[in-house]
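Some notes on the structure that comes next.
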Amino acid sequence: MTRVRGSVVTTALMFVVGVYFLGPVLWLLIASTKTTGDLFATSGWWFSPHFALWSQLHALFTVSGHIYLRWMLNTALYSVVGAGVATLLSAACGYAMAKFDFRGRELMFSIILGGVLVPGTALAIPLYLLVSKVHMTNTYWSVLLPSVVSPFGVYLSRIYAAAAVPDELLEAARVDGAGDVRTFLTLGLRLMSPGLVTVFLFQFVAIWNNFLLPLIMLSDQQKYPVTLGLFTWQSIVTHYPEFFSLTVIGAAVSVLPLAIAFLTLQRFWRTDLGAGSIK
């Protein structure tokens with residue numbers, strides 16, 4: 001009886017948590033099918049008599065010279081390139097710290113851990129001052145370069161490399177004549193791949209949702225990511241009410257790539273890839 005009661009309580013708690021997290025998503029999907037007038041004339045939790053999803057999508061992708069599509073492409077560029085380079089750098093750094101013993105290793109790792117604790121908002125102004133010194137503000141590089149640094153990615157890569165890459169396998173590779181770089185590229189990256197998928201997803205989501213850094217670095221709307229673009233639309237709804245519904249459906253569309261990325265990459269979350277490699 002106690003076990004059944006505990007199961008019911010756990011299920012009820014998970015249901016409440018699920019509703020808490022999925023409620024805003026449900027509202028966003030329903031609101032995306034409405035025009036600006038219907039958003040204020042009907043209940044936010046049910047569809048209006050006029051299903052306007054297709055017309056809203058057409059307006060979203062054609063307004064202001066297809067600017068929303070440009071924002072989405074910019075965001076994809078920042079996120080995919082930034083997360084990819086950050087994952088590779090984090091993997092190399094974490095692998096080196098886990099598998100090589102050198103002077104100052106623990107001090108360096110402590111500094112990197114300190115970087116995890118520093119909020120991004122505290123670094124935004126110093127980053128802007130550094131980028132402005134080299135005259136790179138309002139360029140794609142001003143958003144990309146800070147995005148390739150991931151202290152948390154280095155921390156996670158070191159932990160995973162220490163657990164997933166056997167020292168005996170590295171010694172066997174050296175005996176066979178493989179250098180450190182070749183060993184890392186052919187063995188280390190392969191064995192660390194489940195952890196690196198996690199690093200990539202964390203960095204991808206962080207860059208995709210980044211708002212403050214592009215706000216400070218960019219002034220050209222053609223280089224905006226979708227977060228900053230939607231903010232500019234939201235700021236003008238007082239004078240142009242039609243942009244309210246476009247902001248809502250734009251937010252809904254911008255979530256889809258994140259969902260696709262998680263559904264696509266989750267199959268790579270496999271553990272113990274090297275379980276039989278040294279047997």
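As shown in the structure tokens, the chain order sets the letters A, B, ...; within each chain, residues go from 1, and ligands are also counted from 1 in the order they appear.
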
- Task: Please provide the set of residues having any atom within 10 Å of Val131 in chain A, restricted to only C-alpha atoms, with same-chain residues fewer than 2 positions apart removed, written as a list in words.
- Result: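 Final neighbour list, sorted by chain and number: Ile125, Pro126, Leu127, Tyr128, Leu129, Lys133, Val134, His135, Met136, Thr137, Asn138, Thr139, Trp141, Ser142, Val143, Leu145, Pro146 and Met217 of chain A.
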
- Message: Quick one: residues within 12 Å of Ala162 in chain A, only C-alpha atoms, excluding same-chain residues fewer than 6 positions away - as a VMD selection string?
- Response: chain A and resid 91 94 to 100 155 to 156 170 188 191 to 192 195

Take the residues from that selection and put them in a file with C-alpha atoms, as an mmCIF file, in the first residue's frame.
```cif
data_model
loop_
_atom_site.group_PDB
_atom_site.id
_atom_site.type_symbol
_atom_site.label_atom_id
_atom_site.label_comp_id
_atom_site.auth_asym_id
_atom_site.auth_seq_id
_atom_site.Cartn_x
_atom_site.Cartn_y
_atom_site.Cartn_z
ATOM 1 C CA ALA A 91 37.170 18.177 -26.161
ATOM 2 C CA GLY A 94 39.419 18.329 -21.496
ATOM 3 C CA TYR A 95 41.232 15.372 -23.065
ATOM 4 C CA ALA A 96 44.643 16.984 -22.459
ATOM 5 C CA MET A 97 43.811 17.764 -18.830
ATOM 6 C CA ALA A 98 42.522 14.246 -18.213
ATOM 7 C CA LYS A 99 45.253 12.240 -19.943
ATOM 8 C CA PHE A 100 48.440 14.334 -19.645
ATOM 9 C CA TYR A 155 34.900 20.692 -17.355
ATOM 10 C CA LEU A 156 32.471 18.119 -18.752
ATOM 11 C CA LEU A 170 46.185 5.060 -25.370
ATOM 12 C CA GLY A 188 39.634 10.121 -28.070
ATOM 13 C CA LEU A 191 35.094 7.406 -27.261
ATOM 14 C CA MET A 192 34.076 10.824 -25.933
ATOM 15 C CA GLY A 195 29.724 13.450 -23.702
#
```

- Task: Extract, using only C-alpha atoms, all DNA, RNA and protein residues at most 12 Å from Gly114 in chain A, discarding same-chain residues fewer than 3 positions from it, and format them as a list in words.
- Result: Leu107, Met108, Phe109, Ser110, Ile111, Leu117, Val118, Pro119, Ser150, Pro151, Phe152, Val154 and Tyr155 of chain A

Export of prior selection with N, CA and C atoms as a PDB file, in the first residue's frame:
```pdb
ATOM      1  N   LEU A 107      45.836  24.009 -11.368  1.00  0.00           N
ATOM      2  CA  LEU A 107      45.590  25.452 -11.265  1.00  0.00           C
ATOM      3  C   LEU A 107      44.795  25.938 -12.467  1.00  0.00           C
ATOM      4  N   MET A 108      45.179  25.476 -13.648  1.00  0.00           N
ATOM      5  CA  MET A 108      44.455  25.859 -14.862  1.00  0.00           C
ATOM      6  C   MET A 108      43.011  25.369 -14.816  1.00  0.00           C
ATOM      7  N   PHE A 109      42.832  24.137 -14.331  1.00  0.00           N
ATOM      8  CA  PHE A 109      41.477  23.599 -14.252  1.00  0.00           C
ATOM      9  C   PHE A 109      40.639  24.377 -13.233  1.00  0.00           C
ATOM     10  N   SER A 110      41.263  24.813 -12.150  1.00  0.00           N
ATOM     11  CA  SER A 110      40.545  25.615 -11.157  1.00  0.00           C
ATOM     12  C   SER A 110      40.113  26.954 -11.746  1.00  0.00           C
ATOM     13  N   ILE A 111      40.956  27.544 -12.570  1.00  0.00           N
ATOM     14  CA  ILE A 111      40.600  28.803 -13.227  1.00  0.00           C
ATOM     15  C   ILE A 111      39.428  28.595 -14.175  1.00  0.00           C
ATOM     16  N   LEU A 117      31.506  29.799 -13.090  1.00  0.00           N
ATOM     17  CA  LEU A 117      30.703  30.520 -12.100  1.00  0.00           C
ATOM     18  C   LEU A 117      30.447  31.967 -12.481  1.00  0.00           C
ATOM     19  N   VAL A 118      31.160  32.486 -13.480  1.00  0.00           N
ATOM     20  CA  VAL A 118      30.985  33.884 -13.880  1.00  0.00           C
ATOM     21  C   VAL A 118      29.794  33.990 -14.826  1.00  0.00           C
ATOM     22  N   PRO A 119      28.773  34.777 -14.498  1.00  0.00           N
ATOM     23  CA  PRO A 119      27.610  34.897 -15.391  1.00  0.00           C
ATOM     24  C   PRO A 119      27.964  35.643 -16.665  1.00  0.00           C
ATOM     25  N   SER A 150      33.808  27.720 -23.945  1.00  0.00           N
ATOM     26  CA  SER A 150      32.833  27.078 -23.062  1.00  0.00           C
ATOM     27  C   SER A 150      33.544  26.450 -21.871  1.00  0.00           C
ATOM     28  N   PRO A 151      33.690  27.180 -20.765  1.00  0.00           N
ATOM     29  CA  PRO A 151      34.327  26.586 -19.575  1.00  0.00           C
ATOM     30  C   PRO A 151      33.606  25.345 -19.080  1.00  0.00           C
ATOM     31  N   PHE A 152      32.283  25.356 -19.116  1.00  0.00           N
ATOM     32  CA  PHE A 152      31.546  24.165 -18.694  1.00  0.00           C
ATOM     33  C   PHE A 152      31.815  22.996 -19.633  1.00  0.00           C
ATOM     34  N   VAL A 154      34.627  22.410 -21.173  1.00  0.00           N
ATOM     35  CA  VAL A 154      35.943  21.880 -20.814  1.00  0.00           C
ATOM     36  C   VAL A 154      35.832  21.001 -19.570  1.00  0.00           C
ATOM     37  N   TYR A 155      35.097  21.474 -18.587  1.00  0.00           N
ATOM     38  CA  TYR A 155      34.900  20.692 -17.355  1.00  0.00           C
ATOM     39  C   TYR A 155      34.245  19.349 -17.663  1.00  0.00           C
TER      40      TYR A 155
END
```

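Using only C-alpha atoms, the smallest distance between any of A:Thr35, A:Thr186, A:Leu123, A:Leu215 and Leu60 in chain A comes from A:Thr35.
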
- Could you please write out, as a PyMOL selection string, every residue of range 9-73 of chain A that DSSP assigns to helix (DSSP H, G or I)? chain A and resi 9-31+36-41+53-73

- Query: Could you name the residues that touch Phe243 in chain A at 8 Å or less, counting only C-alpha atoms, but leaving out those on the same chain fewer than 3 positions away, as a ChimeraX atom specification?
  - Reply: /A:36,233-234,236-237,240,246-247

- Message: For a test of reading the model, state the distance in Å between CA of Pro225 in chain A and CA of Met72 in chain A, rounded to one decimal.
- Response: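 Going from CA of Pro225 in chain A over to CA of Met72 in chain A, I get 6.5 Å.
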
- Task: Between CA of Ser48 in chain A and CA of Gly250 in chain A, measure the distance and give it in Å to one decimal.
- Result: 18.7 Å

- Task: Just give me the gap between CA of Leu258 in chain A and CA of Thr227 in chain A in Å, one decimal is fine.
- Result: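 Separating CA of Leu258 in chain A from CA of Thr227 in chain A is a distance of 13.3 Å.
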
- Write out as a list in words the residues lying within 10 Å of Gly37 in chain A, counting only C-alpha atoms and excluding same-chain residues fewer than 5 positions away. Thr42, Pro241, Glu242, Phe244 and Ser245 of chain A

Restricting the output to C-alpha atoms, write the selected residues as a CSV table (one decimal), in the first residue's frame.
```csv
chain,number,residue,atom,x,y,z
A,42,THR,CA,-10.6,35.0,-27.6
A,241,PRO,CA,-0.1,46.2,-33.6
A,242,GLU,CA,0.2,43.6,-36.4
A,244,PHE,CA,2.3,41.3,-31.9
A,245,SER,CA,1.0,38.2,-33.6
```

- Query: Contacts of Ala52 in chain A at 8 Å or less, counting only C-alpha atoms, minus same-chain residues fewer than 3 places along, as a VMD selection string?
  - Reply: chain A and resid 33 to 35 55 to 56
